[in-house]
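So this one's protein_28.tsv, TSV, C-alpha atoms and all ligand atoms:
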chain	number	residue	atom	x	y	z
A	21	MET	CA	43.20	37.97	-76.27
A	22	THR	CA	39.76	36.62	-75.41
A	23	VAL	CA	37.40	35.45	-78.12
A	24	SER	CA	33.78	34.46	-77.95
A	25	ILE	CA	31.84	32.46	-80.54
A	26	LEU	CA	28.03	32.40	-80.79
A	27	GLY	CA	26.36	29.45	-82.51
A	28	THR	CA	29.42	27.26	-81.91
A	29	THR	CA	27.75	23.93	-82.74
A	30	GLY	CA	26.90	24.97	-86.32
A	31	TYR	CA	29.16	24.16	-89.26
A	32	ALA	CA	30.81	27.58	-89.35
A	33	GLY	CA	31.00	27.79	-85.54
A	34	MET	CA	32.87	24.50	-85.24
A	35	VAL	CA	35.44	25.58	-87.82
A	36	LEU	CA	35.78	28.92	-85.99
A	37	LEU	CA	36.38	27.10	-82.72
A	38	ARG	CA	39.08	24.86	-84.17
A	39	ILE	CA	40.84	27.84	-85.78
A	40	ALA	CA	40.60	29.91	-82.57
A	41	LEU	CA	42.08	27.08	-80.46
A	42	GLY	CA	45.11	26.94	-82.77
A	43	HIS	CA	45.56	30.73	-83.02
A	44	HIS	CA	48.70	31.97	-81.27
A	45	GLU	CA	47.21	35.34	-80.30
A	46	VAL	CA	44.09	33.81	-78.68
A	47	ASP	CA	44.43	32.89	-74.98
A	48	ARG	CA	40.82	32.17	-74.02
A	49	VAL	CA	37.81	31.08	-76.07
A	50	TYR	CA	34.21	31.25	-74.84
A	51	PRO	CA	32.20	28.86	-77.07
A	52	VAL	CA	28.56	29.83	-76.63
A	53	SER	CA	25.88	27.32	-77.46
A	54	GLY	CA	22.15	27.83	-77.01
A	55	SER	CA	21.47	24.12	-77.40
A	56	ARG	CA	24.46	22.56	-75.57
A	57	ALA	CA	25.63	24.90	-72.81
A	58	GLY	CA	27.29	22.74	-70.14
A	59	ALA	CA	28.09	19.88	-72.56
A	60	GLU	CA	31.72	18.90	-73.11
A	61	VAL	CA	33.20	20.38	-76.27
A	62	SER	CA	35.57	17.47	-76.90
A	63	ARG	CA	32.65	15.04	-76.80
A	64	PHE	CA	30.74	17.09	-79.34
A	65	ASP	CA	33.86	17.45	-81.54
A	66	PRO	CA	36.29	14.63	-80.72
A	67	GLY	CA	38.77	16.34	-83.06
A	68	ILE	CA	39.40	18.78	-80.21
A	69	PRO	CA	41.53	17.11	-77.50
A	70	ALA	CA	40.00	17.30	-74.01
A	71	ASP	CA	43.19	18.72	-72.45
A	72	LEU	CA	43.33	21.57	-74.98
A	73	ALA	CA	39.65	22.28	-74.44
A	74	GLY	CA	40.14	22.30	-70.67
A	75	GLU	CA	43.11	24.64	-70.90
A	76	ARG	CA	41.84	27.28	-73.30
A	77	LEU	CA	38.07	27.25	-73.16
A	78	GLY	CA	36.89	30.19	-71.06
A	79	ALA	CA	36.27	29.48	-67.40
A	80	THR	CA	34.00	26.59	-68.23
A	81	ASN	CA	36.37	23.66	-67.88
A	82	GLY	CA	36.03	22.43	-71.43
A	83	THR	CA	32.29	22.88	-71.85
A	84	PHE	CA	30.10	25.07	-74.03
A	85	CYS	CA	28.96	28.18	-72.16
A	86	THR	CA	25.99	30.52	-72.09
A	87	ILE	CA	25.82	33.93	-73.69
A	88	GLU	CA	25.84	35.46	-70.19
A	89	ASP	CA	29.20	33.76	-69.47
A	90	ALA	CA	30.55	35.25	-72.70
A	91	VAL	CA	29.28	38.76	-71.89
A	92	ASP	CA	30.83	38.55	-68.39
A	93	ALA	CA	34.16	37.52	-69.94
A	94	LYS	CA	34.38	40.91	-71.72
A	95	PRO	CA	35.91	39.43	-74.89
A	96	ASP	CA	38.08	41.46	-77.25
A	97	VAL	CA	36.17	40.03	-80.18
A	98	VAL	CA	32.94	38.12	-80.65
A	99	PHE	CA	32.12	36.07	-83.73
A	100	SER	CA	28.49	35.32	-84.42
A	101	ALA	CA	27.81	32.18	-86.43
A	102	LEU	CA	24.06	32.38	-85.73
A	103	PRO	CA	21.38	32.35	-88.44
A	104	HIS	CA	20.34	35.64	-90.06
A	105	LEU	CA	17.50	37.42	-88.24
A	106	SER	CA	18.74	35.92	-84.91
A	107	SER	CA	22.30	37.16	-85.00
A	108	ALA	CA	21.94	40.94	-84.64
A	109	ALA	CA	19.64	40.57	-81.63
A	110	ALA	CA	21.98	38.11	-79.89
A	111	LEU	CA	24.91	40.47	-80.50
A	112	GLU	CA	23.20	43.36	-78.71
A	113	PRO	CA	25.18	43.08	-75.41
A	114	PHE	CA	28.49	43.03	-77.32
A	115	LEU	CA	27.86	45.93	-79.72
A	116	GLY	CA	30.01	48.91	-78.71
A	117	ASN	CA	31.87	46.84	-76.09
A	118	CYS	CA	34.17	44.77	-78.30
A	119	VAL	CA	34.90	44.09	-81.96
A	120	VAL	CA	31.94	42.26	-83.50
A	121	ILE	CA	32.37	40.00	-86.53
A	122	ASP	CA	29.00	38.75	-87.76
A	123	LEU	CA	28.97	35.81	-90.17
A	124	SER	CA	25.25	36.17	-90.80
A	125	ALA	CA	23.62	38.52	-93.30
A	126	ASP	CA	22.21	40.85	-90.63
A	127	PHE	CA	24.65	43.73	-91.27
A	128	ARG	CA	25.67	43.04	-94.88
A	129	ILE	CA	23.14	45.11	-96.81
A	130	SER	CA	23.21	48.83	-96.05
A	131	ASP	CA	19.74	49.68	-97.43
A	132	PRO	CA	17.05	48.48	-94.94
A	133	SER	CA	14.37	48.13	-97.64
A	134	VAL	CA	16.67	45.96	-99.78
A	135	PHE	CA	17.40	43.84	-96.68
A	136	GLU	CA	13.70	43.44	-95.95
A	137	ALA	CA	12.94	42.45	-99.56
A	138	ALA	CA	15.64	39.76	-99.41
A	139	TYR	CA	15.07	38.42	-95.87
A	140	GLY	CA	11.35	39.02	-95.35
A	141	GLN	CA	11.79	41.12	-92.19
A	142	PRO	CA	13.24	44.54	-91.46
A	143	PRO	CA	16.82	44.49	-90.15
A	144	ALA	CA	17.08	44.41	-86.33
A	145	ARG	CA	19.51	47.35	-86.19
A	146	PRO	CA	18.95	49.58	-89.25
A	147	ASP	CA	20.86	52.34	-87.44
A	148	LEU	CA	24.08	50.28	-87.61
A	149	LEU	CA	23.91	49.18	-91.26
A	150	SER	CA	25.83	52.15	-92.60
A	151	GLN	CA	28.58	51.73	-89.96
A	152	ALA	CA	29.17	48.03	-90.59
A	153	VAL	CA	32.24	47.35	-92.72
A	154	TYR	CA	31.74	44.67	-95.38
A	155	GLY	CA	34.54	42.25	-94.57
A	156	LEU	CA	35.65	41.09	-98.00
A	157	SER	CA	39.19	41.13	-96.67
A	158	GLU	CA	41.20	41.64	-99.86
A	159	VAL	CA	38.98	44.50	-101.06
A	160	GLU	CA	38.13	46.25	-97.77
A	161	ARG	CA	41.38	45.69	-95.86
A	162	GLU	CA	41.89	49.38	-94.97
A	163	SER	CA	38.34	49.77	-93.61
A	164	VAL	CA	38.57	46.48	-91.68
A	165	ARG	CA	41.68	47.74	-89.83
A	166	THR	CA	39.59	50.22	-87.82
A	167	ALA	CA	36.15	48.56	-87.87
A	168	ASP	CA	34.29	47.68	-84.68
A	169	LEU	CA	31.45	45.99	-86.58
A	170	ILE	CA	32.39	43.72	-89.46
A	171	ALA	CA	29.76	42.10	-91.67
A	172	ASN	CA	31.48	38.97	-92.92
A	173	PRO	CA	30.40	38.32	-96.54
A	174	GLY	CA	28.34	35.35	-97.65
A	175	CYS	CA	30.08	32.41	-99.34
A	176	TYR	CA	28.53	32.97	-102.80
A	177	PRO	CA	29.33	36.71	-102.67
A	178	THR	CA	32.96	36.03	-101.64
A	179	ALA	CA	33.62	33.59	-104.47
A	180	THR	CA	31.73	35.72	-107.01
A	181	LEU	CA	33.04	39.17	-106.09
A	182	LEU	CA	36.76	38.44	-105.72
A	183	PRO	CA	37.36	37.87	-109.46
A	184	LEU	CA	34.72	40.39	-110.59
A	185	ILE	CA	35.51	43.46	-108.50
A	186	PRO	CA	38.86	44.42	-110.11
A	187	ILE	CA	37.27	44.32	-113.59
A	188	ASP	CA	34.17	46.16	-112.42
A	189	ARG	CA	36.08	48.90	-110.56
A	190	ALA	CA	38.37	49.50	-113.54
A	191	GLY	CA	35.29	50.09	-115.70
A	192	PHE	CA	35.92	47.18	-118.09
A	193	VAL	CA	32.48	45.49	-117.83
A	194	ALA	CA	30.65	45.96	-121.15
A	195	GLY	CA	27.35	44.09	-120.69
A	196	ARG	CA	25.36	41.79	-118.46
A	197	ILE	CA	27.37	39.47	-116.23
A	198	VAL	CA	26.05	35.90	-116.09
A	199	THR	CA	27.21	33.90	-113.07
A	200	HIS	CA	26.59	30.23	-112.32
A	201	ALA	CA	27.58	29.03	-108.86
A	202	MET	CA	27.68	25.58	-107.28
A	203	SER	CA	27.66	24.97	-103.56
A	204	GLY	CA	28.25	21.97	-101.33
A	205	ILE	CA	25.44	21.07	-98.96
A	206	SER	CA	27.12	22.47	-95.82
A	207	GLY	CA	26.45	25.90	-97.32
A	208	ALA	CA	22.86	25.47	-96.13
A	209	GLY	CA	23.93	24.90	-92.50
A	210	ARG	CA	23.50	21.96	-90.10
A	211	LYS	CA	19.75	21.71	-90.39
A	212	ASN	CA	17.29	18.90	-90.13
A	213	LYS	CA	15.57	19.53	-93.47
A	214	LEU	CA	14.17	17.03	-95.93
A	215	ASN	CA	15.89	18.51	-98.98
A	216	LEU	CA	19.28	18.32	-97.24
A	217	LEU	CA	19.14	14.57	-96.47
A	218	PHE	CA	21.91	12.42	-97.96
A	219	SER	CA	19.47	10.40	-100.05
A	220	GLU	CA	17.89	13.58	-101.45
A	221	ARG	CA	21.20	15.20	-102.36
A	222	THR	CA	23.59	12.42	-103.38
A	223	GLU	CA	23.65	11.71	-107.15
A	224	ASN	CA	21.45	14.78	-107.54
A	225	ALA	CA	21.99	18.44	-108.44
A	226	ASN	CA	19.78	21.39	-109.31
A	227	ALA	CA	19.65	25.13	-109.87
A	228	TYR	CA	17.58	27.17	-107.41
A	229	ALA	CA	16.64	30.83	-106.84
A	230	PRO	CA	17.82	31.78	-110.35
A	231	GLY	CA	18.53	35.14	-111.96
A	232	THR	CA	17.95	37.88	-109.41
A	233	SER	CA	15.91	35.90	-106.88
A	234	HIS	CA	18.58	34.52	-104.52
A	235	ARG	CA	19.15	36.41	-101.24
A	236	HIS	CA	22.79	36.85	-102.10
A	237	HIS	CA	21.96	38.64	-105.36
A	238	PRO	CA	21.42	42.07	-103.73
A	239	GLU	CA	24.53	41.54	-101.57
A	240	ILE	CA	26.64	40.93	-104.69
A	241	GLN	CA	24.92	43.50	-106.92
A	242	SER	CA	25.31	46.26	-104.32
A	243	ARG	CA	29.10	45.78	-104.36
A	244	LEU	CA	29.28	46.27	-108.14
A	245	GLY	CA	29.01	49.51	-110.09
A	246	PRO	CA	25.60	50.55	-111.52
A	247	SER	CA	26.52	49.53	-115.07
A	248	SER	CA	27.45	45.97	-114.05
A	249	ARG	CA	24.13	44.11	-114.07
A	250	LEU	CA	24.24	40.55	-112.78
A	251	LEU	CA	22.24	37.39	-113.38
A	252	PHE	CA	23.22	34.93	-110.66
A	253	THR	CA	22.09	31.29	-110.56
A	254	PRO	CA	23.21	29.05	-107.71
A	255	HIS	CA	23.15	25.24	-107.81
A	256	LEU	CA	23.23	22.67	-105.02
A	257	VAL	CA	25.66	19.87	-105.86
A	258	PRO	CA	26.50	16.65	-103.99
A	259	LEU	CA	29.60	17.89	-102.17
A	260	SER	CA	29.88	18.36	-98.44
A	261	GLN	CA	32.17	21.43	-98.53
A	262	GLY	CA	33.22	23.57	-101.48
A	263	MET	CA	31.99	26.17	-103.92
A	264	VAL	CA	32.62	26.75	-107.64
A	265	VAL	CA	31.67	29.97	-109.41
A	266	THR	CA	31.86	30.68	-113.15
A	267	SER	CA	31.17	34.20	-114.38
A	268	VAL	CA	30.80	35.15	-118.04
A	269	VAL	CA	31.73	38.81	-118.41
A	270	PRO	CA	31.55	40.88	-121.63
A	271	VAL	CA	34.48	43.31	-121.43
A	272	THR	CA	35.86	46.31	-123.27
A	273	SER	CA	38.62	45.59	-125.75
A	274	PRO	CA	41.26	44.28	-125.40
A	275	ALA	CA	40.07	41.58	-122.97
A	276	GLU	CA	43.65	41.00	-121.76
A	277	THR	CA	43.45	44.39	-119.98
A	278	ALA	CA	40.60	43.12	-117.82
A	279	ILE	CA	42.66	40.10	-116.81
A	280	ARG	CA	45.59	42.36	-115.94
A	281	ALA	CA	43.28	44.25	-113.55
A	282	VAL	CA	42.66	40.97	-111.69
A	283	GLU	CA	46.38	40.16	-111.62
A	284	ASN	CA	47.31	43.61	-110.31
A	285	ALA	CA	44.59	43.62	-107.65
A	286	TYR	CA	45.77	40.45	-105.93
A	287	GLU	CA	49.52	40.64	-106.27
A	288	GLY	CA	51.08	39.57	-102.96
A	289	MET	CA	47.77	38.74	-101.27
A	290	PRO	CA	48.12	35.63	-99.12
A	291	PHE	CA	44.70	34.11	-99.73
A	292	VAL	CA	44.07	34.69	-103.43
A	293	ARG	CA	45.95	32.43	-105.80
A	294	LEU	CA	45.78	33.28	-109.50
A	295	ARG	CA	45.88	30.17	-111.65
A	296	GLY	CA	45.91	31.72	-115.14
A	297	GLU	CA	44.43	29.35	-117.70
A	298	ALA	CA	44.35	26.45	-115.22
A	299	ILE	CA	40.78	25.84	-114.13
A	300	PRO	CA	40.68	25.50	-110.32
A	301	GLU	CA	38.84	22.68	-108.51
A	302	THR	CA	37.17	22.64	-105.10
A	303	ARG	CA	39.65	20.09	-103.74
A	304	ASP	CA	42.49	22.56	-104.44
A	305	VAL	CA	41.16	24.80	-101.65
A	306	ARG	CA	39.43	22.35	-99.32
A	307	ASN	CA	40.00	23.30	-95.65
A	308	THR	CA	41.99	26.37	-96.68
A	309	ASN	CA	41.20	30.08	-96.54
A	310	ARG	CA	42.18	30.50	-100.20
A	311	CYS	CA	40.22	31.63	-103.22
A	312	ASP	CA	41.78	30.22	-106.40
A	313	ILE	CA	40.95	32.10	-109.59
A	314	GLY	CA	41.44	31.06	-113.23
A	315	TRP	CA	40.26	32.54	-116.52
A	316	ARG	CA	39.86	32.14	-120.27
A	317	ILE	CA	39.40	34.81	-122.92
A	318	GLU	CA	36.86	34.29	-125.72
A	319	SER	CA	37.32	37.38	-127.94
A	320	ASP	CA	35.39	40.18	-126.15
A	321	THR	CA	34.29	37.98	-123.24
A	322	VAL	CA	36.17	36.84	-120.17
A	323	LEU	CA	35.29	33.62	-118.35
A	324	LEU	CA	36.25	33.75	-114.68
A	325	PHE	CA	36.53	30.58	-112.58
A	326	SER	CA	36.78	30.78	-108.79
A	327	VAL	CA	36.70	28.19	-106.02
A	328	ILE	CA	36.58	28.48	-102.23
A	329	ASP	CA	35.81	26.29	-99.26
A	330	ASN	CA	32.46	27.75	-98.16
A	331	LEU	CA	33.21	27.11	-94.46
A	332	TRP	CA	36.68	28.71	-94.63
A	333	LYS	CA	37.12	31.62	-97.06
A	334	GLY	CA	33.32	31.67	-97.34
A	335	ALA	CA	32.73	31.92	-93.56
A	336	ALA	CA	34.98	31.09	-90.56
A	337	GLY	CA	38.38	31.49	-92.27
A	338	GLN	CA	37.60	34.92	-93.68
A	339	ALA	CA	36.16	35.95	-90.27
A	340	VAL	CA	39.50	35.09	-88.62
A	341	GLN	CA	41.36	36.82	-91.47
A	342	ASN	CA	39.33	39.93	-90.64
A	343	MET	CA	40.16	39.58	-86.93
A	344	ASN	CA	43.86	39.32	-87.86
A	345	ILE	CA	43.66	42.47	-89.98
A	346	ARG	CA	41.64	44.37	-87.35
A	347	PHE	CA	44.06	43.56	-84.51
A	348	GLY	CA	47.26	43.95	-86.54
A	349	PHE	CA	48.24	40.28	-86.36
A	350	SER	CA	49.85	38.46	-89.25
A	351	GLU	CA	47.01	37.98	-91.76
A	352	ARG	CA	47.88	34.29	-91.98
A	353	GLU	CA	47.84	33.60	-88.22
A	354	GLY	CA	45.69	30.55	-87.46
A	355	LEU	CA	45.01	30.08	-91.17
A	356	ASN	CA	48.23	28.56	-92.49
A	357	GLN	CA	47.59	25.44	-94.48
A	358	VAL	CA	49.59	23.56	-97.08
A	359	GLY	CA	50.38	26.08	-99.79
A	360	GLU	CA	50.19	29.13	-97.56
A	361	LEU	CA	53.22	28.55	-95.31
A	401	LIG	N1	27.50	27.32	-93.99
A	401	LIG	C1	28.15	28.17	-94.78
A	401	LIG	O1	28.81	27.78	-95.76
A	401	LIG	C2	28.11	29.65	-94.50
A	401	LIG	C3	28.85	30.51	-95.30
A	401	LIG	C4	28.81	31.88	-95.06
A	401	LIG	C5	28.01	32.37	-94.06
A	401	LIG	N2	27.27	31.54	-93.31
A	401	LIG	C6	26.43	32.12	-92.26
A	401	LIG	O2	27.03	31.81	-91.00
A	401	LIG	C7	26.00	31.58	-90.04
A	401	LIG	C8	26.18	30.17	-89.49
A	401	LIG	O3	26.05	29.25	-90.57
A	401	LIG	P1	26.11	27.68	-90.35
A	401	LIG	O4	26.08	27.08	-91.68
A	401	LIG	O5	27.20	27.34	-89.41
A	401	LIG	O6	24.70	27.46	-89.63
A	401	LIG	P2	24.20	26.18	-88.85
A	401	LIG	O7	25.08	25.02	-89.15
A	401	LIG	O8	22.74	26.06	-89.14
A	401	LIG	O9	24.43	26.57	-87.31
A	401	LIG	C9	23.91	27.71	-86.71
A	401	LIG	C10	24.02	27.54	-85.18
A	401	LIG	O10	23.32	28.65	-84.58
A	401	LIG	C11	22.54	28.18	-83.46
A	401	LIG	N3	21.12	28.38	-83.83
A	401	LIG	C12	20.40	27.73	-84.76
A	401	LIG	N4	19.15	28.24	-84.86
A	401	LIG	C13	19.10	29.26	-83.99
A	401	LIG	C14	18.12	30.20	-83.65
A	401	LIG	N5	16.91	30.19	-84.24
A	401	LIG	N6	18.40	31.12	-82.72
A	401	LIG	C15	19.60	31.15	-82.13
A	401	LIG	N7	20.60	30.26	-82.42
A	401	LIG	C16	20.36	29.34	-83.34
A	401	LIG	C17	22.89	26.74	-83.25
A	401	LIG	O11	24.05	26.72	-82.43
A	401	LIG	P3	24.00	26.59	-80.82
A	401	LIG	O12	22.88	25.69	-80.47
A	401	LIG	O13	25.33	26.02	-80.50
A	401	LIG	O14	23.81	27.99	-80.29
A	401	LIG	C18	23.31	26.30	-84.64
A	401	LIG	O15	24.16	25.19	-84.58
A	401	LIG	C19	24.66	31.77	-90.77
A	401	LIG	O16	24.19	33.08	-90.57
A	401	LIG	C20	25.03	31.55	-92.22
A	401	LIG	O17	24.17	32.20	-93.12
A	401	LIG	C21	27.30	30.19	-93.48

Output the structure of this file as structure tokens.
Amino acid sequence: MTVSILGTTGYAGMVLLRIALGHHEVDRVYPVSGSRAGAEVSRFDPGIPADLAGERLGATNGTFCTIEDAVDAKPDVVFSALPHLSSAAALEPFLGNCVVIDLSADFRISDPSVFEAAYGQPPARPDLLSQAVYGLSEVERESVRTADLIANPGCYPTATLLPLIPIDRAGFVAGRIVTHAMSGISGAGRKNKLNLLFSERTENANAYAPGTSHRHHPEIQSRLGPSSRLLFTPHLVPLSQGMVVTSVVPVTSPAETAIRAVENAYEGMPFVRLRGEAIPETRDVRNTNRCDIGWRIESDTVLLFSVIDNLWKGAAGQAVQNMNIRFGFSEREGLNQVGEL
């Protein structure tokens, strides 16, 4: 099959490209770059051997291509790793012509007014919001199988929702959920911004956009039932890749039943590993597509601990997982790492 990637030189795009080049069902990859079309891919990412790039990269002889090249290639699937508010517009020539998997937020929130409140502009394609399938793979697998437009979830929503959804859907939440999340700096993208400089971020950490004010809050809240109210506070911590989420959830009695809902939901799922009372760490999942989940019970309250790699399960890995589900490939194809073989 033929795959195209938009925004290939970003953090998520580069991981997507490496996964696509190692994927046994992918024959040709068209790596689009607005800033580097014509430049050699293996010079930009020396981790990609020049001969592999020459062999499998579109018709461009190992170089990044333009969006026009990618449209002409009539790909089976296009991934967009462009920023929100740019992505939906760039995807226009692909919509309806191939499977679209958008890593940005442009199709994630189905209510246009909620999108505008969070992102400061109306969505580019409000008509498509209700058709887009929210690609939280483990939860929406059946919808993903037939979807032509997949809104890949954000990294905070993925790590937060996976442990929460089984408890929420079973009706066991008995009060306000309080979630604290910590993200590595690559979660903010490959930007030239003062607050992302090494000397600003190393030996330094802070909360930001607390309570209900982060853009991912409506994305998470809209996936929970109306009685599950969430306070969500993210933190930037001095890691390059990785995300830790801790949710404090008051539950109906007995609390063990809520934990059983989590265990039942993910039995046999390749990319969720339940760790019981062991508290997972970011290095346990680094460069993998896994979400590791642990828990503790404190009388009528459950503490849920989840970790992901923001660039894998939080972005590129989950996008490829969704492609695998959509095209009927093995869900693990291209994503096997130590621990998943
Ligand atoms: N980083 C994460 O952990 C993460 C997690 C989940 C979801 N996401 C989402 O995935 C998308 C990509 O994230 P990222 O972290 O990889 O971003 P990034 O590192 O900032 O890269 C985005 C890429 O898009 C292109 N680009 C940048 N500004 C653009 C503009 N104004 N118009 C058109 N193209 C532009 C550039 O690639 P070219 O010059 O090569 O075209 C750039 O390298 C974003 O929507 C982000 O919200 C990211």

Item to check | Within 7 Å of ligand LIG 401 (chain A), counting all atoms listed in the file, residues as a VMD selection string | outcome: chain A and resid 26 to 33 52 to 56 101 to 104 106 123 to 125 173 to 175 206 to 211 330 to 331 334 to 335

Item to check | Test item: residues at most 9 Å from A:Gly116, all atoms listed in the file, excluding those fewer than 3 positions along its chain, as a ChimeraX atom specification | outcome: /A:112-113,119-120,168-169

Next on the checklist: Please report the interatomic distance between atom CA of A:Pro300 and atom CA of A:Thr180 in Å with one decimal.
Outcome noted: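 Going from atom CA of A:Pro300 over to atom CA of A:Thr180, I get 14.0 Å.
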
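The coordinates place atom CA of A:Leu105 at 21.5 Å from atom CA of A:Ala57.
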
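A cut-off of 9 Å from the point (20.7, 46.8, -84.0), with only C-alpha atoms, picks out the residues Ala108, Ala109, Leu111, Glu112, Leu115, Phe127, Pro143, Ala144, Arg145, Pro146, Asp147, Leu148 and Leu149 of chain A.
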
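Minimum atom-to-atom distance to A:Thr266, evaluated using all atoms listed in the file, belongs to A:Phe325 out of A:Phe192, A:Phe252, A:Phe325, A:Tyr154.
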
Next on the checklist: What does the structure give for the distance between atom CA of A:Asp92 and atom CA of A:Pro51, in Å to one decimal?
Outcome noted: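 Distance reported for this atom pair: 13.1 Å.
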
Next on the checklist: Around (22.6, 29.0, -110.2), as given in the file, which residues come within 10 Å? Count all atoms listed in the file and list them as a list of chain:residue names.
Outcome noted: A:Val198, A:Thr199, A:His200, A:Ala201, A:Met202, A:Ser203, A:Asn226, A:Ala227, A:Tyr228, A:Ala229, A:Pro230, A:Gly231, A:His234, A:Leu251, A:Phe252, A:Thr253, A:Pro254, A:His255, A:Leu256, A:Val265, A:Thr266

Next on the checklist: Residues near A:Trp332, anyone? I mean within 8 Å using only C-alpha atoms, not counting same-chain ones fewer than 5 positions away, as a count of residues only.
Outcome noted: 7

Distance query A:Arg346 at most 7 Å, only C-alpha atoms, self and fewer than 3 positions along chain excluded, as a PDB file with C-alpha atoms, in the coordinates of the input:
ATOM      1  CA  VAL A 164      38.570  46.480 -91.680  1.00  0.00           C
ATOM      2  CA  ARG A 165      41.680  47.740 -89.830  1.00  0.00           C
ATOM      3  CA  THR A 166      39.590  50.220 -87.820  1.00  0.00           C
ATOM      4  CA  ALA A 167      36.150  48.560 -87.870  1.00  0.00           C
ATOM      5  CA  ASN A 342      39.330  39.930 -90.640  1.00  0.00           C
ATOM      6  CA  MET A 343      40.160  39.580 -86.930  1.00  0.00           C
TER       7      MET A 343
END

Item to check | From A:Glu318, A:Pro258, A:Ser248, A:Ser163, residue lying nearest A:Glu220 [only C-alpha atoms] | outcome: A:Pro258

Step by step, gather every atom of stretch 142-151 of chain A that the file lists, find the box along x, y and z that holds them, add 8 Å on each side, and finally give centre and edge lengths in Å to one decimal, as AutoDock Vina command-line options.
--center_x 20.9 --center_y 48.4 --center_z -89.4 --size_x 31.3 --size_y 23.9 --size_z 22.4

Checklist entry - So which one's closest to A:Gln341, A:Trp315, A:Phe291, A:Phe84, A:Tyr139? Using all atoms listed in the file, please. => result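 For A:Gln341, the nearest of the given residues is A:Phe291.
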
Item to check | Test item: residues at most 6 Å from A:Gly204, only C-alpha atoms, excluding those fewer than 2 positions along its chain, as a list in words | outcome: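 My list of contacting residues is Ser206, Gly207, Val257, Leu259, Ser260, Gln261 and Gly262 of chain A.
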
Next on the checklist: Under the rule that only C-alpha atoms are counted, which of A:Leu294, A:Leu156, A:Leu244, A:Ile197 is the nearest residue to A:Val271?
Outcome noted: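 Going through A:Leu294, A:Leu156, A:Leu244, A:Ile197 one by one, the smallest distance to A:Val271 is for A:Ile197.
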
Next on the checklist: So, with all atoms listed in the file as the atoms that count, which of A:Ile279, A:Ala179, A:Ile187, A:Val193 lies closest to A:Thr302?
Outcome noted: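 Closest to A:Thr302, using all atoms listed in the file: A:Ala179.
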
Checklist entry - Skipping near chain neighbours, those fewer than 5 positions away, what residues fall within 9 Å of A:Ala275 using all atoms listed in the file, listed as a VMD selection string? => result chain A and resid 192 270 280 317 to 322

Checklist entry - In terms of the shortest atom-to-atom distance over all atoms listed in the file, which of A:Gly195, A:Ala73, A:Gly67, A:Leu37 is closest to A:Pro246? => result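 When distances to A:Pro246 are compared using all atoms listed in the file, the smallest one comes from A:Gly195.
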